[in-house]
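Structure first, commentary second.
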Amino acid sequence: MADFGSSRRERRRDAAIAISVLLLAFLLLFLPLRWTRPVRQAIRDTVVRPFVTTQAWVAARRAEREDLTIVRAQRDSLAAVSAAQAVLAVENARLRSLLGLAERAGPVLRPARVLRLGVAAAESTFLIDVGSDDGVTVGSPVFTAEGLVGVVAEVAPRSAQAIDWTNAEFRASAMTADGQVYGVVEPRRGAFRELDVLVMTGAPFHSDVRPGRRVVTSGRGGLFPRGIPLGEVVGIEDADTGWRKSYVLRPAVRPESAVAVLVALATGGDLSDLWRGPGPGLPAPQQRAPGPGGVPQDR
Amino acid sequence: MARRPSRFTFFVATLAFAHFLLHIGLGLGRIAPDLLIVATLVAARRMSAAGAVTLGFALGFVEDTLGIQGFGVRAFALGTAGFFGARSRSFVDGSGALFLPVYLFLGAWATDALTWFLRADAVPPEVVLQAAIGAAWAAAAGGIAWLVFRRLAGPSA
């Protein structure tokens with residue numbers, strides 16, 4: 001130990017080692033993600049694995065006892081979404097064969113359980129218990145019956161790590177449910193994480209989206225399937241004179257409340273039908289009235 | 001200084017283990033106090049600067065592997081906390097009853113602020129409040145853990 005009684009030489013050596021380690025830590029900040037991935041995966045599979053396994057066990061016990069009603073409700077909703085998708089897929093296939101159209105591949109949904117790492121470094125991320133062995137890829141959207149939770153960012157054979165919509169890197173091309181206004185949805189940090197909201201930026205300045213209107217993924221860019229609910233407009237965040245408007249959204253789903261999720265195994269596609277009409281997702285618009293040009297509009 | 005190192009080492013290791021157990025194992029997340037910074041700061045008062053920096057780096061490194069972005073942020077922040085914690089012996093005696101809570105609070109707050117500074121371009125004002133609450137919680141938990149340790153290991157520990 002280099003303390004008050006230690007020699008000057010020892011103190012210098014101590015300081016030199018300390019500064020070297022700090023320098024090494026500083027250099028880590030600039031390492032490319034792909035270089036750090038094997039190291040991170042190795043430590044997760046060894047040092048951290050017992051804790052993750054413990055959480056999976058605790059989550060399973062908790063699901064059996066305390067949150068039975070909530071978890072059952074979420075699972076039932078997901079089952080309904082999956083069932084609806086299966087029915088629609090069969091119906092679409094039948095209609096396509098009748099019309100002589102070629103088969104179009106749509107996203108396959110896979111149920112998964114959410115695990116949270118719960119440390120500062122893993123803020124705004126979560127683990128799911130399905131991975132590349134199940135067909136999950138980087139970019140696979142993750143959602144619940146209420147709406148989009150996030151997107152897979154890293155995949156291991158039997159698990160994957162996703163960022164949720166509160167992550168600063170999250171972006172989704174979006175539109176109002178009636179397809180009238182398009183923009184890009186991104187997160188805005190609140191005073192506390194529970195107060196984080198979404199904002200649809202880049203909407204045309206002349207657009208007038210009323211509070212209560214649903215915003216869904218637009219499918220542009222081919223990452224998120226079209227039609228997954230993102231939230232409801234609650235007001236205008238700001239408006240650059242003559243250029244664009246940003247709308248604040250009440251998120252369709254709070255990431256911290258997601259226990260059971262669905263993962264779309266392919267990016268792109270269209271899932272609008274899953275949330276159309278009275279179903280398991282967001283409450284459907286009470287009535288759809290024909291808008292300009294006969295396009296149905298949400299009230 | 002070096003009395004009963006094994007018990008003290010066990011105490012620091014227990015804090016680190018408890019951190020991962022509470023945050024990951026039990027999935028408590030932000031509800032649980034940040035015991036890694038407590039372990040680093042408490043250990044730093046008895047270690048050389050090199051040892052404290054290495055300990056902070058190692059603990060932070062493990063935590064960094066759990067994230068996707070910002071690899072090395074916690075390792076650097078906890079390493080820095082260890083460095084200044086060890087250096088604090090040169091100008092603060094630390095025998096007063098209030099020293100430990102204040103030391104842990106200021107250390108945890110500064111480390112949180114540094115973490116934020118490294119992660120984001122700007123630190124929103126509300127983060128300062130969040131960090132203060134988190135630091136107070138860590139200081140309280142660390143103070144209690146230290147009292148329990150002293151009671152079990154004896155005042156000479």
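Naming scheme: A, B, ... for chains in displayed order of the structure tokens; residues 1 onward per chain; ligands 1 onward as shown.
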
### Task
List every residue of chain B that DSSP, applied to the backbone of this structure, places in helix (DSSP H, G or I), and write the result as a ChimeraX atom specification.
/B:5-25,29-31,35-44,49-64,73-90,99-119,125-153

### chain A residues near chain B (6 Å cut-off, only C-alpha atoms) as a VMD selection string
chain A and resid 1 to 2 14 17 to 18 25 to 26 28 to 29 40 51 to 52 54 to 55 117 to 119 121 to 122 191

For the selection you just gave me, I'd like the residues written to a file as a PDB file, in the first residue's frame, keeping C-alpha atoms.
```
ATOM      1  CA  MET A   1       0.000   0.000   0.000  1.00  0.00           C
ATOM      2  CA  ALA A   2       1.228   3.458  -0.838  1.00  0.00           C
ATOM      3  CA  ASP A  14       1.275   3.914  -7.460  1.00  0.00           C
ATOM      4  CA  ILE A  17      -0.349   2.490 -12.290  1.00  0.00           C
ATOM      5  CA  ALA A  18      -3.544   4.306 -11.312  1.00  0.00           C
ATOM      6  CA  ALA A  25     -10.693   2.728 -19.124  1.00  0.00           C
ATOM      7  CA  PHE A  26     -10.818   5.938 -21.148  1.00  0.00           C
ATOM      8  CA  LEU A  28     -12.472   1.602 -23.869  1.00  0.00           C
ATOM      9  CA  LEU A  29     -14.903   4.451 -24.580  1.00  0.00           C
ATOM     10  CA  ARG A  40     -19.245  -8.573 -23.302  1.00  0.00           C
ATOM     11  CA  PHE A  51     -27.814 -13.416 -11.766  1.00  0.00           C
ATOM     12  CA  VAL A  52     -29.772 -13.506 -15.024  1.00  0.00           C
ATOM     13  CA  THR A  54     -31.896 -16.017 -10.846  1.00  0.00           C
ATOM     14  CA  GLN A  55     -34.024 -13.265 -12.332  1.00  0.00           C
ATOM     15  CA  LEU A 117     -30.596  -6.203 -16.345  1.00  0.00           C
ATOM     16  CA  GLY A 118     -31.438  -3.309 -14.047  1.00  0.00           C
ATOM     17  CA  VAL A 119     -28.020  -1.647 -13.895  1.00  0.00           C
ATOM     18  CA  ALA A 121     -25.096   0.595 -17.984  1.00  0.00           C
ATOM     19  CA  ALA A 122     -28.094  -1.337 -19.309  1.00  0.00           C
ATOM     20  CA  ALA A 191     -37.797  14.505 -15.130  1.00  0.00           C
TER      21      ALA A 191
END
```

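Atom CA of A:Phe143 is found 9.5 Å from atom CA of A:Pro255.
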
### Task
Enter the distance from atom CA of A:Gly219 to atom CA of A:Leu271, in Å, rounded to one decimal.
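According to the coordinates, atom CA of A:Gly219 and atom CA of A:Leu271 are separated by 9.5 Å.
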
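Nearest to A:Arg220 of all the residues A:Asp164, A:Glu146, A:Asp270, A:Asp133 is A:Asp270, based on only C-alpha atoms.
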
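Close contacts of B:Val92, defined as residues with an atom at most 12 Å away when counting only C-alpha atoms, with chain neighbours fewer than 6 positions off set aside, comprise Arg45, Phe84, Gly85, Ala86, Phe99, Leu100, Val102 and Tyr103 of chain B.
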
Could the residues in this selection be saved with all heavy atoms as a compact mmCIF listing (two decimals), in the first residue's frame?
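As a result, out31.txt now contains:
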```txt
# COMPACT_ATOMS: atom_id res chain seq x y z
N ARG B 45 -10.75 4.00 0.59
CA ARG B 45 -10.21 4.62 1.79
C ARG B 45 -9.13 3.77 2.44
O ARG B 45 -8.41 4.23 3.31
CB ARG B 45 -11.34 4.86 2.81
CG ARG B 45 -12.34 5.92 2.42
CD ARG B 45 -11.77 7.30 2.48
NE ARG B 45 -11.36 7.70 3.82
CZ ARG B 45 -10.78 8.86 4.10
NH1 ARG B 45 -10.54 9.72 3.15
NH2 ARG B 45 -10.43 9.14 5.34
N PHE B 84 -9.89 9.20 -6.64
CA PHE B 84 -10.10 10.33 -5.73
C PHE B 84 -10.44 9.87 -4.32
O PHE B 84 -10.11 10.56 -3.34
CB PHE B 84 -11.18 11.27 -6.29
CG PHE B 84 -10.68 12.09 -7.44
CD1 PHE B 84 -11.07 11.82 -8.74
CD2 PHE B 84 -9.79 13.13 -7.21
CE1 PHE B 84 -10.58 12.57 -9.81
CE2 PHE B 84 -9.29 13.88 -8.28
CZ PHE B 84 -9.69 13.60 -9.58
N GLY B 85 -11.10 8.72 -4.21
CA GLY B 85 -11.38 8.17 -2.88
C GLY B 85 -10.10 7.84 -2.15
O GLY B 85 -9.94 8.15 -0.96
N ALA B 86 -9.15 7.24 -2.85
CA ALA B 86 -7.86 6.90 -2.23
C ALA B 86 -7.08 8.17 -1.90
O ALA B 86 -6.47 8.27 -0.83
CB ALA B 86 -7.06 6.02 -3.18
N PHE B 99 -18.66 11.65 8.50
CA PHE B 99 -17.80 11.60 7.31
C PHE B 99 -18.30 10.60 6.27
O PHE B 99 -18.44 10.94 5.09
CB PHE B 99 -16.36 11.25 7.70
CG PHE B 99 -15.51 10.93 6.50
CD1 PHE B 99 -15.05 11.94 5.67
CD2 PHE B 99 -15.21 9.62 6.16
CE1 PHE B 99 -14.30 11.66 4.54
CE2 PHE B 99 -14.46 9.32 5.03
CZ PHE B 99 -14.00 10.34 4.22
N LEU B 100 -18.58 9.38 6.70
CA LEU B 100 -18.89 8.32 5.72
C LEU B 100 -20.14 8.66 4.89
O LEU B 100 -20.08 8.57 3.65
CB LEU B 100 -19.07 6.97 6.42
CG LEU B 100 -19.21 5.81 5.45
CD1 LEU B 100 -17.92 5.53 4.69
CD2 LEU B 100 -19.67 4.54 6.16
N VAL B 102 -21.48 11.56 4.18
CA VAL B 102 -21.19 12.70 3.30
C VAL B 102 -20.24 12.29 2.18
O VAL B 102 -20.44 12.62 1.01
CB VAL B 102 -20.59 13.88 4.13
CG1 VAL B 102 -20.14 15.00 3.21
CG2 VAL B 102 -21.61 14.40 5.13
N TYR B 103 -19.22 11.53 2.54
CA TYR B 103 -18.24 11.04 1.56
C TYR B 103 -18.92 10.18 0.49
O TYR B 103 -18.70 10.35 -0.71
CB TYR B 103 -17.18 10.25 2.32
CG TYR B 103 -16.24 9.41 1.49
CD1 TYR B 103 -15.29 9.99 0.66
CD2 TYR B 103 -16.29 8.01 1.58
CE1 TYR B 103 -14.43 9.20 -0.08
CE2 TYR B 103 -15.43 7.22 0.85
CZ TYR B 103 -14.50 7.82 0.01
OH TYR B 103 -13.64 7.02 -0.72
```

### Query
What separation in Å, quoted to one decimal, exists between atom CA of A:Gly147 and atom CA of A:Ala252?
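So the answer is 5.4 Å.
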